[in-house]
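Pasted below: model27.cif, mmCIF, C-alpha atoms.
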data_upload
#
loop_
_atom_site.group_PDB
_atom_site.id
_atom_site.type_symbol
_atom_site.label_atom_id
_atom_site.label_comp_id
_atom_site.auth_asym_id
_atom_site.auth_seq_id
_atom_site.Cartn_x
_atom_site.Cartn_y
_atom_site.Cartn_z
ATOM 1 C CA ARG A 198 74.149 -71.199 64.343
ATOM 2 C CA GLY A 199 74.490 -74.687 62.873
ATOM 3 C CA GLU A 200 77.509 -76.496 61.539
ATOM 4 C CA ALA A 201 77.895 -74.126 58.569
ATOM 5 C CA ALA A 202 78.864 -71.376 61.025
ATOM 6 C CA LYS A 203 82.286 -72.988 61.238
ATOM 7 C CA ASP A 204 82.946 -72.441 57.507
ATOM 8 C CA ALA A 205 85.203 -69.491 56.732
ATOM 9 C CA ASP A 206 82.811 -68.150 54.070
ATOM 10 C CA SER A 207 79.562 -68.548 56.064
ATOM 11 C CA PHE A 208 77.243 -65.582 56.586
ATOM 12 C CA VAL A 209 77.639 -65.835 60.366
ATOM 13 C CA ARG A 210 81.403 -65.327 60.139
ATOM 14 C CA ALA A 211 81.222 -62.511 57.568
ATOM 15 C CA SER A 212 82.171 -58.990 58.609
ATOM 16 C CA PHE A 213 79.436 -56.500 59.446
ATOM 17 C CA TRP A 214 79.843 -54.618 56.130
ATOM 18 C CA ARG A 215 79.771 -57.835 54.111
ATOM 19 C CA LYS A 216 76.500 -58.809 55.825
ATOM 20 C CA VAL A 217 75.057 -55.380 55.035
ATOM 21 C CA ALA A 218 76.107 -55.723 51.378
ATOM 22 C CA ILE A 219 74.524 -59.187 51.101
ATOM 23 C CA ILE A 220 71.235 -58.010 52.604
ATOM 24 C CA LEU A 221 71.168 -54.838 50.470
ATOM 25 C CA ALA A 222 71.835 -56.898 47.339
ATOM 26 C CA GLY A 223 68.664 -58.883 48.051
ATOM 27 C CA VAL A 224 66.592 -55.740 48.543
ATOM 28 C CA VAL A 225 67.976 -54.124 45.381
ATOM 29 C CA MET A 226 67.257 -57.268 43.335
ATOM 30 C CA ASN A 227 63.646 -57.279 44.573
ATOM 31 C CA ILE A 228 63.244 -53.640 43.495
ATOM 32 C CA LEU A 229 64.833 -54.327 40.092
ATOM 33 C CA PHE A 230 62.617 -57.377 39.587
ATOM 34 C CA ALA A 231 59.471 -55.348 40.380
ATOM 35 C CA TRP A 232 60.604 -52.645 37.929
ATOM 36 C CA VAL A 233 61.143 -55.236 35.170
ATOM 37 C CA VAL A 234 57.739 -56.846 35.824
ATOM 38 C CA PHE A 235 55.913 -53.487 35.790
ATOM 39 C CA THR A 236 57.804 -52.413 32.654
ATOM 40 C CA ILE A 237 56.807 -55.606 30.837
ATOM 41 C CA GLY A 238 53.242 -55.117 32.053
ATOM 42 C CA PHE A 239 53.117 -51.603 30.594
ATOM 43 C CA LEU A 240 54.614 -52.863 27.317
ATOM 44 C CA VAL A 241 52.017 -55.606 26.794
ATOM 45 C CA GLY A 242 49.068 -53.890 28.502
ATOM 46 C CA ILE A 243 48.134 -53.606 32.161
ATOM 47 C CA PRO A 244 44.830 -52.656 33.828
ATOM 48 C CA THR A 245 45.159 -49.176 35.299
ATOM 49 C CA ALA A 246 43.056 -46.175 36.310
ATOM 50 C CA SER A 247 42.017 -44.163 33.281
ATOM 51 C CA GLU A 248 42.420 -40.876 35.128
ATOM 52 C CA GLY A 249 45.860 -39.277 34.831
ATOM 53 C CA LEU A 250 47.036 -41.693 32.160
ATOM 54 C CA SER A 251 49.767 -40.593 29.758
ATOM 55 C CA PRO A 252 48.504 -39.218 26.438
ATOM 56 C CA TYR A 253 50.913 -41.669 24.751
ATOM 57 C CA ALA A 254 49.113 -44.690 26.207
ATOM 58 C CA LYS A 255 47.083 -46.916 23.913
ATOM 59 C CA GLN A 256 43.876 -47.663 25.780
ATOM 60 C CA ARG A 257 41.476 -50.544 25.316
ATOM 61 C CA ASP A 258 38.646 -52.205 27.215
ATOM 62 C CA PRO A 259 37.343 -49.148 29.127
ATOM 63 C CA ARG A 260 35.209 -50.119 32.105
ATOM 64 C CA VAL A 261 33.970 -49.007 35.512
ATOM 65 C CA GLU A 262 35.015 -51.158 38.454
ATOM 66 C CA VAL A 263 34.247 -51.224 42.149
ATOM 67 C CA SER A 264 37.406 -49.902 43.813
ATOM 68 C CA VAL A 265 36.228 -49.805 47.449
ATOM 69 C CA VAL A 266 33.518 -51.563 49.445
ATOM 70 C CA VAL A 267 32.843 -49.956 52.828
ATOM 71 C CA PRO A 268 32.763 -52.618 55.587
ATOM 72 C CA GLY A 269 29.271 -53.103 56.994
ATOM 73 C CA SER A 270 27.655 -51.265 54.076
ATOM 74 C CA PRO A 271 24.618 -52.310 52.029
ATOM 75 C CA ALA A 272 26.998 -53.019 49.123
ATOM 76 C CA GLU A 273 28.968 -55.493 51.244
ATOM 77 C CA ALA A 274 25.732 -57.130 52.433
ATOM 78 C CA ALA A 275 24.607 -57.457 48.786
ATOM 79 C CA GLY A 276 27.861 -59.238 47.906
ATOM 80 C CA LEU A 277 29.606 -56.541 45.840
ATOM 81 C CA THR A 278 33.390 -56.905 45.911
ATOM 82 C CA MET A 279 36.395 -54.930 44.809
ATOM 83 C CA GLY A 280 37.085 -55.510 41.102
ATOM 84 C CA ASP A 281 33.465 -56.116 40.092
ATOM 85 C CA ARG A 282 32.782 -54.552 36.696
ATOM 86 C CA VAL A 283 29.665 -52.344 36.849
ATOM 87 C CA MET A 284 27.453 -52.855 33.793
ATOM 88 C CA MET A 285 24.172 -51.218 34.836
ATOM 89 C CA ILE A 286 22.792 -49.262 37.802
ATOM 90 C CA GLY A 287 19.031 -49.397 37.983
ATOM 91 C CA GLN A 288 17.977 -49.032 34.356
ATOM 92 C CA THR A 289 21.035 -46.962 33.360
ATOM 93 C CA PRO A 290 23.760 -48.666 31.279
ATOM 94 C CA ILE A 291 27.212 -47.630 32.533
ATOM 95 C CA SER A 292 30.103 -46.647 30.276
ATOM 96 C CA SER A 293 32.010 -44.129 32.436
ATOM 97 C CA ALA A 294 32.722 -43.450 36.099
ATOM 98 C CA ASP A 295 30.872 -40.120 35.890
ATOM 99 C CA GLU A 296 27.755 -41.882 34.537
ATOM 100 C CA ALA A 297 27.997 -44.471 37.293
ATOM 101 C CA LEU A 298 28.283 -41.855 40.048
ATOM 102 C CA ALA A 299 25.321 -39.882 38.669
ATOM 103 C CA ALA A 300 23.209 -43.055 38.466
ATOM 104 C CA LEU A 301 24.205 -44.074 42.010
ATOM 105 C CA ARG A 302 23.262 -40.648 43.382
ATOM 106 C CA ALA A 303 19.908 -40.698 41.603
ATOM 107 C CA GLU A 304 19.055 -44.232 42.747
ATOM 108 C CA SER A 305 20.273 -43.643 46.335
ATOM 109 C CA ALA A 306 18.208 -40.431 46.611
ATOM 110 C CA ARG A 307 15.013 -42.470 46.084
ATOM 111 C CA GLN A 308 15.893 -44.511 49.206
ATOM 112 C CA GLU A 309 14.483 -47.692 47.651
ATOM 113 C CA ALA A 310 16.130 -50.945 46.640
ATOM 114 C CA PHE A 311 17.654 -50.925 43.169
ATOM 115 C CA SER A 312 19.566 -53.341 40.995
ATOM 116 C CA VAL A 313 23.271 -53.190 40.184
ATOM 117 C CA SER A 314 24.348 -55.436 37.306
ATOM 118 C CA ILE A 315 27.960 -56.533 37.507
ATOM 119 C CA SER A 316 30.316 -58.755 35.610
ATOM 120 C CA ARG A 317 32.445 -61.035 37.779
ATOM 121 C CA ASN A 318 34.596 -63.798 36.318
ATOM 122 C CA ARG A 319 32.990 -63.116 32.921
ATOM 123 C CA GLN A 320 29.535 -63.859 34.298
ATOM 124 C CA ILE A 321 26.895 -61.149 34.541
ATOM 125 C CA GLN A 322 24.735 -61.042 37.632
ATOM 126 C CA ALA A 323 22.388 -58.542 39.223
ATOM 127 C CA VAL A 324 22.354 -57.727 42.920
ATOM 128 C CA SER A 325 19.712 -55.766 44.782
ATOM 129 C CA VAL A 326 20.976 -52.998 47.055
ATOM 130 C CA THR A 327 19.011 -50.777 49.431
ATOM 131 C CA PRO A 328 20.649 -47.443 50.291
ATOM 132 C CA ALA A 329 21.127 -46.685 53.987
ATOM 133 C CA PHE A 330 22.919 -44.195 56.202
ATOM 134 C CA ILE A 331 26.500 -45.417 56.552
ATOM 135 C CA GLU A 332 27.970 -44.437 59.892
ATOM 136 C CA SER A 333 31.655 -44.697 58.873
ATOM 137 C CA ILE A 334 31.265 -42.185 56.017
ATOM 138 C CA GLN A 335 28.399 -40.176 57.587
ATOM 139 C CA ARG A 336 26.352 -40.303 54.402
ATOM 140 C CA GLN A 337 23.398 -42.014 52.744
ATOM 141 C CA GLY A 338 24.402 -44.476 50.058
ATOM 142 C CA ILE A 339 25.341 -48.062 49.349
ATOM 143 C CA GLY A 340 29.030 -47.827 50.327
ATOM 144 C CA ILE A 341 31.117 -48.332 47.208
ATOM 145 C CA GLY A 342 33.816 -46.394 45.409
ATOM 146 C CA LEU A 343 33.985 -46.576 41.623
ATOM 147 C CA GLU A 344 36.881 -46.026 39.245
ATOM 148 C CA GLY A 345 37.274 -45.863 35.496
ATOM 149 C CA VAL A 346 39.751 -48.536 34.397
ATOM 150 C CA VAL A 347 41.379 -49.278 31.047
ATOM 151 C CA THR A 348 43.973 -51.710 29.812
ATOM 152 C CA ALA A 349 46.874 -49.388 28.969
ATOM 153 C CA ARG A 350 49.824 -50.124 26.742
ATOM 154 C CA LEU A 351 52.758 -47.714 26.745
ATOM 155 C CA PRO A 352 55.424 -47.103 24.113
ATOM 156 C CA VAL A 353 58.854 -48.701 24.602
ATOM 157 C CA TRP A 354 60.495 -45.445 25.690
ATOM 158 C CA LEU A 355 57.824 -44.678 28.327
ATOM 159 C CA ALA A 356 57.203 -48.146 29.817
ATOM 160 C CA PRO A 357 60.463 -48.235 31.873
ATOM 161 C CA ILE A 358 59.764 -44.757 33.274
ATOM 162 C CA GLU A 359 56.221 -45.660 34.301
ATOM 163 C CA GLY A 360 57.485 -49.023 35.568
ATOM 164 C CA ALA A 361 59.898 -47.192 37.900
ATOM 165 C CA ARG A 362 57.173 -44.795 39.091
ATOM 166 C CA THR A 363 54.818 -47.685 39.801
ATOM 167 C CA THR A 364 57.560 -49.630 41.596
ATOM 168 C CA PHE A 365 58.300 -46.736 43.956
ATOM 169 C CA ARG A 366 54.598 -45.916 44.493
ATOM 170 C CA THR A 367 53.986 -49.555 45.392
ATOM 171 C CA MET A 368 56.977 -49.591 47.746
ATOM 172 C CA GLY A 369 55.596 -46.448 49.422
ATOM 173 C CA ALA A 370 52.177 -48.062 49.811
ATOM 174 C CA ILE A 371 53.715 -51.146 51.368
#

Rendering of file as structure tokens:
Amino acid sequence: RGEAAKDADSFVRASFWRKVAIILAGVVMNILFAWVVFTIGFLVGIPTASEGLSPYAKQRDPRVEVSVVVPGSPAEAAGLTMGDRVMMIGQTPISSADEALAALRAESARQEAFSVSISRNRQIQAVSVTPAFIESIQRQGIGIGLEGVVTARLPVWLAPIEGARTTFRTMGAI
């Protein structure tokens, strides 16, 4: 308990309800801080999924990114990681998630190695991937999930609302 436990205003000597109030104040401040950070992010522009975005959002820098890499998959063996920006699959330039999925299906159906060009840390590189049957998903493929991403900027009246939604979604995920 330490020497501070002897002080009349120490946490140890506080009543049960005062302790609860102190702990709750910390939790509430963390939630408010997250809300403020997300709100500022939406005001200045924050990377987010392009699907389901508010029609009021100003979008820039549309891209397709790797959102999931299945453990033990050919994609993981080739060195693809979450957040890689997909530039080209085989000989097909990629500008949307639908294009990327169609190109992946076509290349995987051939069951031969193909190239995936990615941008990572502003450097473009190509990796060779050979499709295989992936036990965990019970399907032939390379084992990645793709998502359309944009940098979205929201108007002042909408940013706090979306900041609150994102705060509570993140809390739920945690």

What is the atom CA of A:Asp281 to atom CA of A:Phe330 distance in Å? 22.6 Å

Which residues, protein or nucleic acid, reach to within 12 Å of (36.7, -59.8, 47.3) in the file's coordinates when using only C-alpha atoms, and can you give that as number ranges by chain? A: 263-268, 272-273, 276-281, 317-318

Go ahead and save the residues from that selection, with C-alpha atoms, as a short mmCIF file (atom, residue, chain, number, x, y, z; two decimals), keeping the file's coordinate frame.
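Writing done, so here's again-v3.cif:
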data_model
loop_
_atom_site.label_atom_id
_atom_site.label_comp_id
_atom_site.auth_asym_id
_atom_site.auth_seq_id
_atom_site.Cartn_x
_atom_site.Cartn_y
_atom_site.Cartn_z
CA VAL A 263 34.25 -51.22 42.15
CA SER A 264 37.41 -49.90 43.81
CA VAL A 265 36.23 -49.80 47.45
CA VAL A 266 33.52 -51.56 49.44
CA VAL A 267 32.84 -49.96 52.83
CA PRO A 268 32.76 -52.62 55.59
CA ALA A 272 27.00 -53.02 49.12
CA GLU A 273 28.97 -55.49 51.24
CA GLY A 276 27.86 -59.24 47.91
CA LEU A 277 29.61 -56.54 45.84
CA THR A 278 33.39 -56.90 45.91
CA MET A 279 36.40 -54.93 44.81
CA GLY A 280 37.08 -55.51 41.10
CA ASP A 281 33.47 -56.12 40.09
CA ARG A 317 32.44 -61.04 37.78
CA ASN A 318 34.60 -63.80 36.32
#

Residues returned when the PyMOL selection byres ((chain A and resi 364) around 12) runs on this file, as a PyMOL selection string: chain A and resi 225+227-236+238+356-363+365-371

Please write the residues picked by the PyMOL selection byres ((chain A and resi 245) around 10) on this file as a PDB file with C-alpha atoms, in the coordinates of the input.
ATOM      1  CA  PHE A 239      53.117 -51.603  30.594  1.00  0.00           C
ATOM      2  CA  GLY A 242      49.068 -53.890  28.502  1.00  0.00           C
ATOM      3  CA  ILE A 243      48.134 -53.606  32.161  1.00  0.00           C
ATOM      4  CA  PRO A 244      44.830 -52.656  33.828  1.00  0.00           C
ATOM      5  CA  ALA A 246      43.056 -46.175  36.310  1.00  0.00           C
ATOM      6  CA  SER A 247      42.017 -44.163  33.281  1.00  0.00           C
ATOM      7  CA  GLU A 248      42.420 -40.876  35.128  1.00  0.00           C
ATOM      8  CA  GLY A 249      45.860 -39.277  34.831  1.00  0.00           C
ATOM      9  CA  LEU A 250      47.036 -41.693  32.160  1.00  0.00           C
ATOM     10  CA  GLN A 256      43.876 -47.663  25.780  1.00  0.00           C
ATOM     11  CA  PRO A 259      37.343 -49.148  29.127  1.00  0.00           C
ATOM     12  CA  GLU A 344      36.881 -46.026  39.245  1.00  0.00           C
ATOM     13  CA  GLY A 345      37.274 -45.863  35.496  1.00  0.00           C
ATOM     14  CA  VAL A 346      39.751 -48.536  34.397  1.00  0.00           C
ATOM     15  CA  VAL A 347      41.379 -49.278  31.047  1.00  0.00           C
ATOM     16  CA  THR A 348      43.973 -51.710  29.812  1.00  0.00           C
ATOM     17  CA  ALA A 349      46.874 -49.388  28.969  1.00  0.00           C
ATOM     18  CA  ARG A 350      49.824 -50.124  26.742  1.00  0.00           C
TER      19      ARG A 350
END

Tell me, as a ChimeraX atom specification, which residues lie within 12 Å of stretch 299-302 of chain A, counting only C-alpha atoms; anything in the same chain fewer than 6 positions away does not count. /A:272,283-293,308-313,326-328,336-343

If you take every atom of stretch 254-265 of chain A that the file lists and fit an axis-aligned box around them with 3 Å extra on each side, what centre and edge lengths come out in Å to one decimal, as AutoDock Vina command-line options?
--center_x 41.5 --center_y -48.4 --center_z 35.7 --size_x 21.1 --size_y 13.5 --size_z 29.5

For a test of reading the model, state the distance in Å between atom CA of A:Val224 and atom CA of A:Arg210, rounded to one decimal.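 Between these atoms lies a distance of 21.1 Å.
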
With all atoms listed in the file as the basis for distance, which of A:Val324, A:Val241, A:Val217, A:Val209 is at the shortest distance from A:Lys255?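 The shortest atom-to-atom distance to A:Lys255 comes from A:Val241.
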
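The two atoms in question, atom CA of A:Ala275 and atom CA of A:Ser325, are spaced 6.5 Å apart.
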
Top pick for closest residue to A:Gln322, considering A:Ala294, A:Arg282, A:Ala222, A:Ala274 and counting all atoms listed in the file: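 Answer, going by the shortest atom-to-atom distance: A:Arg282.
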